[in-house]
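One file, query.pdb, is given below (PDB, C-alpha atoms, pLDDT in the B column).
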```
ATOM      1  CA  MET A 234      10.951   2.566 -14.389  1.00 55.00           C
ATOM      2  CA  SER A 235      10.501  -1.139 -13.771  1.00 81.00           C
ATOM      3  CA  LEU A 236       9.126  -2.015 -10.351  1.00 91.00           C
ATOM      4  CA  THR A 237       9.665  -5.210  -8.428  1.00 94.00           C
ATOM      5  CA  THR A 238       7.790  -6.269  -5.318  1.00 95.00           C
ATOM      6  CA  GLU A 239      10.909  -5.451  -3.299  1.00 96.00           C
ATOM      7  CA  SER A 240      11.469  -2.004  -4.808  1.00 96.00           C
ATOM      8  CA  PHE A 241       7.786  -1.091  -4.537  1.00 97.00           C
ATOM      9  CA  GLU A 242       7.700  -2.213  -0.905  1.00 97.00           C
ATOM     10  CA  GLN A 243      10.772  -0.092  -0.137  1.00 98.00           C
ATOM     11  CA  ILE A 244       9.206   2.969  -1.771  1.00 97.00           C
ATOM     12  CA  ILE A 245       6.018   2.501   0.261  1.00 98.00           C
ATOM     13  CA  ARG A 246       8.036   2.121   3.479  1.00 98.00           C
ATOM     14  CA  GLU A 247      10.030   5.288   2.764  1.00 98.00           C
ATOM     15  CA  ARG A 248       7.052   7.462   1.855  1.00 97.00           C
ATOM     16  CA  LEU A 249       4.335   6.213   4.213  1.00 97.00           C
ATOM     17  CA  SER A 250       6.252   4.736   7.196  1.00 97.00           C
ATOM     18  CA  PRO A 251       3.707   1.937   7.695  1.00 98.00           C
ATOM     19  CA  ASP A 252       3.714  -0.712  10.404  1.00 97.00           C
ATOM     20  CA  LEU A 253       3.282  -3.430   7.762  1.00 98.00           C
ATOM     21  CA  VAL A 254       3.421  -3.613   3.966  1.00 98.00           C
ATOM     22  CA  GLN A 255       2.564  -6.576   1.770  1.00 98.00           C
ATOM     23  CA  VAL A 256       3.171  -6.228  -1.958  1.00 97.00           C
ATOM     24  CA  GLU A 257       2.108  -8.848  -4.481  1.00 96.00           C
ATOM     25  CA  ASP A 258       2.973  -8.719  -8.181  1.00 95.00           C
ATOM     26  CA  MET A 259      -0.256  -9.780  -9.888  1.00 94.00           C
ATOM     27  CA  SER A 260       1.328  -9.687 -13.357  1.00 91.00           C
ATOM     28  CA  GLY A 261       3.358 -12.865 -13.091  1.00 86.00           C
ATOM     29  CA  GLY A 262       6.592 -11.035 -12.403  1.00 81.00           C
ATOM     30  CA  CYS A 263       6.610  -8.398 -15.141  1.00 87.00           C
ATOM     31  CA  GLY A 264       5.935  -5.568 -12.674  1.00 88.00           C
ATOM     32  CA  GLN A 265       2.819  -4.139 -14.282  1.00 93.00           C
ATOM     33  CA  ALA A 266       0.102  -5.016 -11.743  1.00 96.00           C
ATOM     34  CA  PHE A 267       0.397  -4.838  -7.979  1.00 97.00           C
ATOM     35  CA  ALA A 268      -1.873  -5.492  -5.025  1.00 97.00           C
ATOM     36  CA  VAL A 269      -0.772  -3.981  -1.713  1.00 98.00           C
ATOM     37  CA  VAL A 270      -1.864  -4.112   1.893  1.00 98.00           C
ATOM     38  CA  ILE A 271      -0.719  -1.222   4.055  1.00 98.00           C
ATOM     39  CA  VAL A 272      -1.168  -1.157   7.822  1.00 98.00           C
ATOM     40  CA  SER A 273      -0.620   2.244   9.400  1.00 98.00           C
ATOM     41  CA  ASP A 274      -2.110   4.223  12.230  1.00 96.00           C
ATOM     42  CA  SER A 275      -1.890   7.281   9.965  1.00 97.00           C
ATOM     43  CA  PHE A 276      -5.166   5.911   8.526  1.00 98.00           C
ATOM     44  CA  LYS A 277      -6.967   6.484  11.852  1.00 97.00           C
ATOM     45  CA  GLY A 278     -10.040   8.668  11.430  1.00 97.00           C
ATOM     46  CA  LYS A 279      -9.896   8.457   7.632  1.00 97.00           C
ATOM     47  CA  ASN A 280     -12.515   6.717   5.535  1.00 97.00           C
ATOM     48  CA  LYS A 281     -11.620   4.353   2.700  1.00 96.00           C
ATOM     49  CA  LEU A 282     -11.597   7.093   0.057  1.00 98.00           C
ATOM     50  CA  ALA A 283      -9.306   9.350   2.110  1.00 98.00           C
ATOM     51  CA  ARG A 284      -6.934   6.432   2.706  1.00 98.00           C
ATOM     52  CA  HIS A 285      -6.809   5.644  -1.010  1.00 98.00           C
ATOM     53  CA  ARG A 286      -6.158   9.269  -1.882  1.00 98.00           C
ATOM     54  CA  MET A 287      -3.358   9.452   0.671  1.00 98.00           C
ATOM     55  CA  VAL A 288      -1.644   6.363  -0.783  1.00 98.00           C
ATOM     56  CA  ASN A 289      -2.282   7.405  -4.391  1.00 98.00           C
ATOM     57  CA  GLN A 290      -0.702  10.807  -3.766  1.00 98.00           C
ATOM     58  CA  ALA A 291       2.371   9.279  -2.123  1.00 98.00           C
ATOM     59  CA  LEU A 292       2.816   6.747  -4.951  1.00 98.00           C
ATOM     60  CA  LYS A 293       1.624   8.861  -7.878  1.00 97.00           C
ATOM     61  CA  GLU A 294       4.707   8.394 -10.064  1.00 96.00           C
ATOM     62  CA  GLU A 295       4.840   4.622  -9.541  1.00 96.00           C
ATOM     63  CA  ILE A 296       1.112   4.133 -10.109  1.00 95.00           C
ATOM     64  CA  GLU A 297       1.322   6.061 -13.382  1.00 95.00           C
ATOM     65  CA  SER A 298       4.059   3.705 -14.616  1.00 94.00           C
ATOM     66  CA  ILE A 299       2.110   0.458 -14.115  1.00 95.00           C
ATOM     67  CA  HIS A 300      -1.020  -1.070 -15.596  1.00 94.00           C
ATOM     68  CA  ALA A 301      -2.998  -1.957 -12.452  1.00 96.00           C
ATOM     69  CA  PHE A 302      -2.847  -1.085  -8.761  1.00 97.00           C
ATOM     70  CA  THR A 303      -5.114  -2.241  -5.952  1.00 97.00           C
ATOM     71  CA  GLN A 304      -4.733  -1.316  -2.324  1.00 98.00           C
ATOM     72  CA  LYS A 305      -6.171  -2.104   1.051  1.00 98.00           C
ATOM     73  CA  GLY A 306      -5.398   0.146   3.985  1.00 98.00           C
ATOM     74  CA  PHE A 307      -5.905  -0.745   7.631  1.00 98.00           C
ATOM     75  CA  THR A 308      -5.094   0.750  10.996  1.00 98.00           C
ATOM     76  CA  ARG A 309      -3.160  -1.563  13.282  1.00 96.00           C
ATOM     77  CA  GLU A 310      -6.339  -2.249  15.296  1.00 96.00           C
ATOM     78  CA  GLU A 311      -8.382  -3.061  12.163  1.00 97.00           C
ATOM     79  CA  TRP A 312      -5.632  -5.372  10.876  1.00 97.00           C
ATOM     80  CA  GLU A 313      -5.471  -7.271  14.161  1.00 96.00           C
ATOM     81  CA  LYS A 314      -9.284  -7.636  14.158  1.00 95.00           C
ATOM     82  CA  GLU A 315      -8.910  -9.230  10.697  1.00 92.00           C
ATOM     83  CA  GLY A 316      -6.544 -11.751  12.256  1.00 93.00           C
ATOM     84  CA  GLY A 317      -3.366 -10.171  10.970  1.00 91.00           C
ATOM     85  CA  LYS A 318      -0.196  -9.663  12.936  1.00 90.00           C
ATOM     86  CA  VAL A 319       2.158  -6.712  12.706  1.00 85.00           C
TER      87      VAL A 319
END
```
Would you put the structure from the file into structure tokens?
Amino acid sequence: MSLTTESFEQIIRERLSPDLVQVEDMSGGCGQAFAVVIVSDSFKGKNKLARHRMVNQALKEEIESIHAFTQKGFTREEWEKEGGKV
């Protein structure tokens, strides 16, 4: 399976129902390394490790098919404190 930023974003939206998703292809367009930012209130009360596990479980098949995956997860409140807008 070859992922694009658009297809990966759609998969994340379908499986995690976030308020905001940003997907960046870090591999120059070949779809083998992605960095994502996910903003969701489903992260409330969860530490960083629990958030990562939640995302990794939801995207297990996609993560296994690529070379590198980095993620940052925020609640809506945390994202807005960082200066982001949803």
**OP:** Just the residues within 9 Å of Glu295 in chain A, please, counting all atoms listed in the file, with nothing from its chain fewer than 2 positions along; format it as a VMD selection string.
**Re:** chain A and resid 234 236 241 292 to 293 297 to 299
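Here the question is which of A:Asp252, A:Glu242, A:Glu257, A:Glu247 gets nearest to Trp312 in chain A using all atoms listed in the file, and that residue is A:Asp252.
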Original post:
Please, what distance in Å, to one decimal, runs between CA of Asn289 in chain A and CA of Thr303 in chain A?
Top reply: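 Interatomic distance, CA of Asn289 in chain A to CA of Thr303 in chain A: 10.2 Å.
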Subject >> Nearest-residue call for Gln255 in chain A, choices A:Ala291, A:Ala301, A:Ile271, A:Leu282, using all atoms listed in the file >> reply: A:Ile271
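Relative to CA of Val319 in chain A, CA of Glu294 in chain A is found at 27.4 Å.
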